[in-house]
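Just below is one structure, and these are the notes that go with it.
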Amino acid sequence: MERHRRTIALLAAMMCGLVPPAVTAGPVSAAPVIVTDGLREGQAYRSFIVTPEPGAAASVAGIRTLATGGELVRAGRPLDAAGARAFMAELAGSPGVASVEPDLPVARTSTPGDPRYGEQWPLWQLYGQTDSAFRVDEAWDTGADGGGVTVAVLDTGIRPHADLTPNLVAGYDFIADPANTADGDGRDGDARDPGDWTDEGDCGATAFSPSSWHGTHIAGIVAAVRGNGIGVTGVAPAARVQPVRVLGTCGGLDSDIADAIVWASGAPVPGTPANPTPARVINMSLGGYGPCGPTLQAAVDKAMSRGASVVVSAGNSAADAADYHPANCSGVITVAATGDDGYLASYSNHGDTVEVAAPGGWGYWRDDDPAHRVLSTVDAGAREPAGDSYGVMRGTSQAAAHVSGAVALLLSRRPDLTPAQVSGHLSRNSRRLPLGGGWYNSPYPIGGGLIDVARTVHDATGTPGGECTVCTGSAVIVDVTVPADTPAPVHLAGTLSALGTGRPDWDPASVRAMRWVRTSWNGTSTPAWRIQLAGTTPGATVHYKLTLGGWPTVEKDRNCAETADRTVTLPGDGTLWAYATVDNWSSTAPCDSA
């Protein structure tokens with residue numbers, strides 16, 4: 001360790017031209033290769049790799065020796081491209097060096113081609129204010145996709161939606177009372193959702209309530225097809241969904257649910273055909289007040305004994321989850337909901353019964369803002385089915401579905417895990433959320449905190465890279481107010497050092513923007529884009545402009561002259577919220593590059 005400290009100090013001094021790099025004597029050899037092709041103007045470089053010649057001892061000591069034999073050398077401060085070239089040249093002057101190269105950053109390559117993926121904030125959004133993220137997109141980069149795993153969705157049934165059908169396996173309708181089915185029969189092999197609308201007087205309803213298509217929404221969160229050019233993607237886009245119908249027009253009963261749990265796990269149920277595709281994950285986005293009775297607990301125990309993880313929503317009563325079943329059953333993974341600020345949602349149940357939390361959508365004053373809810377597959381019909389559609393919902397139901405998808409990702413990489421081991425991995429790798437934060441200012445605990453899917457998969461598979469390095473430090477969140485007739489999505493453009501170099505430092509293809517509606521203090525709403533940059537250095541001043549997707553459409557004034565830089569300076573900790581209003585593109589075509 002002392003040698004590394006001395007070496008780093010020497011390297012830092014060497015950058016300023018004070019001392020030469022530390023060297024050891026060695027024979028004269030061929031000129032080293034200095035790899036500079038990957039250097040880009042406007043990019044900062046901090047670490048470099050020095051590889052010795054075959055058989056030669058390393059003459060430059062770094063902070064870590066790589067498996068390939070190279071030394072990872074870290075500069076004393078970030079360098080621009082020119083500074084990196086000069087630093088690499090000095091490193092190459094040491095004897096016995098075969099090559100010097102920058103330690104280049106890489107970007108994920110698994111962002112799907114589903115056109116509404118940008119609206120699926122739970123899958124990619126970073127919560128700088130809580131140092132957390134669900135990180136589904138980074139879990140995909142490990143190769144985890146849910147392949148080979150069946151997830152049983154015990155719910156209202158399912159519609160044969162085009163974004164789901166390729167991933168569906170045969171299910172079952174376990175509603176025994178024909179009066180509660182809406183399809184006029186009892187238990188059978190048809191798990192399609194006929195609709196659960198109610199008219200005034202039905203099930204105590206005081207007014208008409210449209211069909212929810214709840215099971216279809218949950219199934220889409222778990223395993224909608226990725227990259228098919230339509231709609232959305234699921235958390236585990238290669239997993240299989242098994243629809244098991246337990247909720248009808250007036251909800252469901254524990255007796256039906258208990259049989260459904262047992263059947264989904266592959267165990268026999270009297271009077272019911274065997275399940276040919278037993279589930280490894282059972283999702284129950286349902287619940288009611290009261291204890292977990294012996295029957296329900298016995299069903300959960302039997303499913304777990306067959307290797308099935310049982311995921312249950314905590315409930316939406318803003319109360320202690322210990323008072324609601326099946327959330328309070330022993331052995332289940334009970335899931336609370338967070339909003340898109342990363343804190344406990346106002347409606348979510350909470351307490352020591354909760355194992356983990358996951359995105360479910362915001363509550364309170366943003367109740368009517370669809371951008372803060374969870375987008376997934378539904379049917380277009382208000383009563384009977386009318387065709388494929390997409391819609392938003394919020395709740396611990398949606399949070400549980402995200403966790404079921406995460407479990408499927410984990411099991412696709414580690415099919416040997418027991419339910420107890422799955423629960424342990426999820427809890428251990430969750431990110432504990434601070435209490436008393438967010439709009440709701442919640443003082444209540446929610447288990448291990450927000451699930452970090454990428455961290456969980458990395459931990460379970462023993463692969464490096466699970467730490468969420470982008471989840472630490474300060475974050476810039478830019479809310480961009482956008483007129484309704486703005487002709488394209490708005491992104492950030494520019495560099496951290498100087499703008500106007502002819503290309504954006506933040507590539508619009510890799511900076512995700514979330515579509516939402518900004519509500520002002522006086523109740524007016526304006527379409528907007530939310531763009532988030534997390535892990536930015538505290539105290540740094542960020543320069544940026546806006547673009548419709550490329551440098552030729554960078555922000556200009558009404559005379560097509562380039563506007564001055566927008567700047568924000570990050571605080572020492574916490575999150576900085578910045579605001580920008582787009583009016584240059586309202587009702588007019590963007591200025592061209594000329």
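Numbering starts fresh at 1 for the residues of each chain in the structure tokens, the chains themselves are lettered A, B, ... in the order given, and ligands are numbered from 1 as they appear.
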Pick out the residues sitting within 8 Å of Tyr579 in chain A, and hand them over as a list in words; count only C-alpha atoms, and ignore anything fewer than 4 positions along from it in its own chain.
->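 Near Tyr579 in chain A, the qualifying residues are Val478, Asp479, Val480 and Thr481 of chain A.
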Export of the given selection (N, CA and C atoms) as a CSV table (one decimal), in the first residue's frame:
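Okay, selection25.csv is ready:
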```csv
chain,number,residue,atom,x,y,z
A,478,VAL,N,-32.6,18.0,-14.8
A,478,VAL,CA,-33.0,19.2,-15.5
A,478,VAL,C,-34.4,18.9,-16.0
A,479,ASP,N,-35.4,19.7,-15.5
A,479,ASP,CA,-36.8,19.7,-16.0
A,479,ASP,C,-36.9,20.7,-17.1
A,480,VAL,N,-37.2,20.2,-18.3
A,480,VAL,CA,-37.3,21.0,-19.5
A,480,VAL,C,-38.7,21.2,-19.9
A,481,THR,N,-39.3,22.4,-19.8
A,481,THR,CA,-40.7,22.6,-20.1
A,481,THR,C,-40.8,22.7,-21.7
```
If you run DSSP on this backbone, which residues of range 49-280 of chain A come out as alpha helix (DSSP H), and could you give them as a PyMOL selection string?
-> chain A and resi 81-92+121-124+136-140+214-223+254-264
Using C-alpha atoms, can you export the residues from the last selection as a compact mmCIF listing (two decimals), in the first residue's frame?
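So the final result, stored in part.txt, reads:
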```txt
# COMPACT_ATOMS: atom_id res chain seq x y z
CA ALA A 81 -7.32 14.63 -24.48
CA ALA A 82 -4.15 16.69 -24.88
CA GLY A 83 -3.16 16.19 -21.26
CA ALA A 84 -3.80 12.46 -21.56
CA ARG A 85 -1.52 12.22 -24.59
CA ALA A 86 1.28 14.02 -22.76
CA PHE A 87 0.87 11.89 -19.65
CA MET A 88 0.88 8.68 -21.70
CA ALA A 89 4.03 9.78 -23.51
CA GLU A 90 5.81 10.27 -20.17
CA LEU A 91 4.66 6.86 -18.98
CA ALA A 92 5.91 5.32 -22.21
CA TRP A 121 -38.66 5.17 -15.78
CA PRO A 122 -38.49 2.27 -13.28
CA LEU A 123 -36.12 0.35 -15.55
CA TRP A 124 -33.41 2.97 -15.94
CA VAL A 136 -32.68 -3.31 -14.79
CA ASP A 137 -30.86 -2.08 -17.90
CA GLU A 138 -27.45 -2.79 -16.34
CA ALA A 139 -28.61 -6.24 -15.21
CA TRP A 140 -29.41 -7.03 -18.85
CA HIS A 214 -54.83 -5.63 -14.00
CA GLY A 215 -53.35 -9.05 -14.73
CA THR A 216 -52.32 -7.98 -18.23
CA HIS A 217 -50.64 -4.88 -16.80
CA ILE A 218 -48.72 -6.96 -14.24
CA ALA A 219 -47.68 -9.51 -16.87
CA GLY A 220 -46.31 -6.77 -19.11
CA ILE A 221 -44.13 -5.39 -16.32
CA VAL A 222 -42.74 -8.87 -15.72
CA ALA A 223 -42.10 -10.07 -19.25
CA ASP A 254 -58.19 -17.31 -0.12
CA SER A 255 -59.43 -20.80 -1.01
CA ASP A 256 -59.06 -20.18 -4.73
CA ILE A 257 -55.75 -18.41 -4.21
CA ALA A 258 -54.34 -21.25 -2.10
CA ASP A 259 -55.17 -23.83 -4.78
CA ALA A 260 -53.69 -21.55 -7.42
CA ILE A 261 -50.42 -21.19 -5.50
CA VAL A 262 -50.08 -24.96 -5.16
CA TRP A 263 -50.94 -25.59 -8.82
CA ALA A 264 -48.58 -22.90 -10.08
```
Fewer than 5 positions away in the same chain doesn't count, so skip those; otherwise give me all residues within 6 Å of range 402-419 of chain A, counting only C-alpha atoms, as a ChimeraX atom specification.
-> /A:144-147,149,222,235-236,307,309,457
Can you tell me how far CA of Thr537 in chain A sits from CA of Arg46 in chain A, in Å to one decimal?
->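 These atoms are spaced 13.5 Å apart.
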Length of the CA of Ala386 in chain A to CA of Thr277 in chain A vector [Å] |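 Distance between the two atoms: 29.2 Å.
Per DSSP on the backbone, strand (DSSP E or B) in range 138-168 of chain A comprises Thr150, Val151, Ala152, Val153, Leu154, Asp155, Ile158 and Leu168 of chain A.
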Would you export the selected residues with N, CA, C and O atoms as a PDB file, in the first residue's frame, please?
```
ATOM      1  N   THR A 150     -40.263 -19.554 -15.594  1.00  0.00           N
ATOM      2  CA  THR A 150     -41.697 -19.287 -15.713  1.00  0.00           C
ATOM      3  C   THR A 150     -42.169 -18.515 -14.494  1.00  0.00           C
ATOM      4  O   THR A 150     -41.872 -18.893 -13.360  1.00  0.00           O
ATOM      5  N   VAL A 151     -42.907 -17.427 -14.742  1.00  0.00           N
ATOM      6  CA  VAL A 151     -43.465 -16.596 -13.684  1.00  0.00           C
ATOM      7  C   VAL A 151     -44.986 -16.736 -13.733  1.00  0.00           C
ATOM      8  O   VAL A 151     -45.613 -16.381 -14.732  1.00  0.00           O
ATOM      9  N   ALA A 152     -45.566 -17.271 -12.672  1.00  0.00           N
ATOM     10  CA  ALA A 152     -47.024 -17.364 -12.590  1.00  0.00           C
ATOM     11  C   ALA A 152     -47.572 -16.048 -12.055  1.00  0.00           C
ATOM     12  O   ALA A 152     -47.137 -15.568 -11.014  1.00  0.00           O
ATOM     13  N   VAL A 153     -48.523 -15.475 -12.778  1.00  0.00           N
ATOM     14  CA  VAL A 153     -49.154 -14.222 -12.376  1.00  0.00           C
ATOM     15  C   VAL A 153     -50.559 -14.549 -11.905  1.00  0.00           C
ATOM     16  O   VAL A 153     -51.466 -14.806 -12.704  1.00  0.00           O
ATOM     17  N   LEU A 154     -50.750 -14.582 -10.578  1.00  0.00           N
ATOM     18  CA  LEU A 154     -52.050 -14.863  -9.989  1.00  0.00           C
ATOM     19  C   LEU A 154     -52.822 -13.550  -9.896  1.00  0.00           C
ATOM     20  O   LEU A 154     -52.534 -12.699  -9.047  1.00  0.00           O
ATOM     21  N   ASP A 155     -53.816 -13.395 -10.782  1.00  0.00           N
ATOM     22  CA  ASP A 155     -54.431 -12.077 -10.919  1.00  0.00           C
ATOM     23  C   ASP A 155     -55.783 -12.217 -11.609  1.00  0.00           C
ATOM     24  O   ASP A 155     -56.465 -13.217 -11.447  1.00  0.00           O
ATOM     25  N   ILE A 158     -55.483 -12.751 -18.187  1.00  0.00           N
ATOM     26  CA  ILE A 158     -54.630 -12.024 -19.128  1.00  0.00           C
ATOM     27  C   ILE A 158     -55.316 -11.925 -20.477  1.00  0.00           C
ATOM     28  O   ILE A 158     -56.176 -12.740 -20.825  1.00  0.00           O
ATOM     29  N   LEU A 168     -46.171 -16.253 -23.444  1.00  0.00           N
ATOM     30  CA  LEU A 168     -47.212 -16.870 -22.627  1.00  0.00           C
ATOM     31  C   LEU A 168     -47.154 -18.389 -22.685  1.00  0.00           C
ATOM     32  O   LEU A 168     -46.871 -18.985 -23.735  1.00  0.00           O
TER      33      LEU A 168
END
```
Thr563 in chain A surroundings by only C-alpha atoms, 10 Å radius, close-in-sequence under 4 positions cut, as a ChimeraX atom specification = /A:545-546,554-559
Serialized selection, N, CA and C atoms, as a PDB file, in the first residue's frame:
```pdb
ATOM      1  N   LYS A 545     -26.639  22.932 -23.286  1.00  0.00           N
ATOM      2  CA  LYS A 545     -27.682  23.502 -24.120  1.00  0.00           C
ATOM      3  C   LYS A 545     -28.685  22.400 -24.426  1.00  0.00           C
ATOM      4  N   LEU A 546     -29.703  22.733 -25.165  1.00  0.00           N
ATOM      5  CA  LEU A 546     -30.728  21.772 -25.515  1.00  0.00           C
ATOM      6  C   LEU A 546     -30.651  21.442 -26.993  1.00  0.00           C
ATOM      7  N   VAL A 554     -28.970  22.174 -32.220  1.00  0.00           N
ATOM      8  CA  VAL A 554     -28.687  22.697 -30.891  1.00  0.00           C
ATOM      9  C   VAL A 554     -29.430  24.013 -30.695  1.00  0.00           C
ATOM     10  N   GLU A 555     -29.688  24.349 -29.444  1.00  0.00           N
ATOM     11  CA  GLU A 555     -30.512  25.501 -29.117  1.00  0.00           C
ATOM     12  C   GLU A 555     -29.963  26.809 -29.691  1.00  0.00           C
ATOM     13  N   LYS A 556     -30.823  27.544 -30.365  1.00  0.00           N
ATOM     14  CA  LYS A 556     -30.477  28.855 -30.914  1.00  0.00           C
ATOM     15  C   LYS A 556     -31.613  29.821 -30.585  1.00  0.00           C
ATOM     16  N   ASP A 557     -31.326  31.110 -30.715  1.00  0.00           N
ATOM     17  CA  ASP A 557     -32.379  32.070 -30.427  1.00  0.00           C
ATOM     18  C   ASP A 557     -33.283  32.210 -31.646  1.00  0.00           C
ATOM     19  N   ARG A 558     -34.248  33.150 -31.580  1.00  0.00           N
ATOM     20  CA  ARG A 558     -35.222  33.266 -32.662  1.00  0.00           C
ATOM     21  C   ARG A 558     -34.604  33.770 -33.958  1.00  0.00           C
ATOM     22  N   ASN A 559     -33.415  34.354 -33.878  1.00  0.00           N
ATOM     23  CA  ASN A 559     -32.701  34.798 -35.083  1.00  0.00           C
ATOM     24  C   ASN A 559     -31.709  33.760 -35.560  1.00  0.00           C
TER      25      ASN A 559
END
```
Between A:Gly38, A:Gly449, A:Pro268, A:Gly331, which one has atoms that come closest to Thr130 in chain A, using only C-alpha atoms?
->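 Nearest to Thr130 in chain A: A:Gly449.
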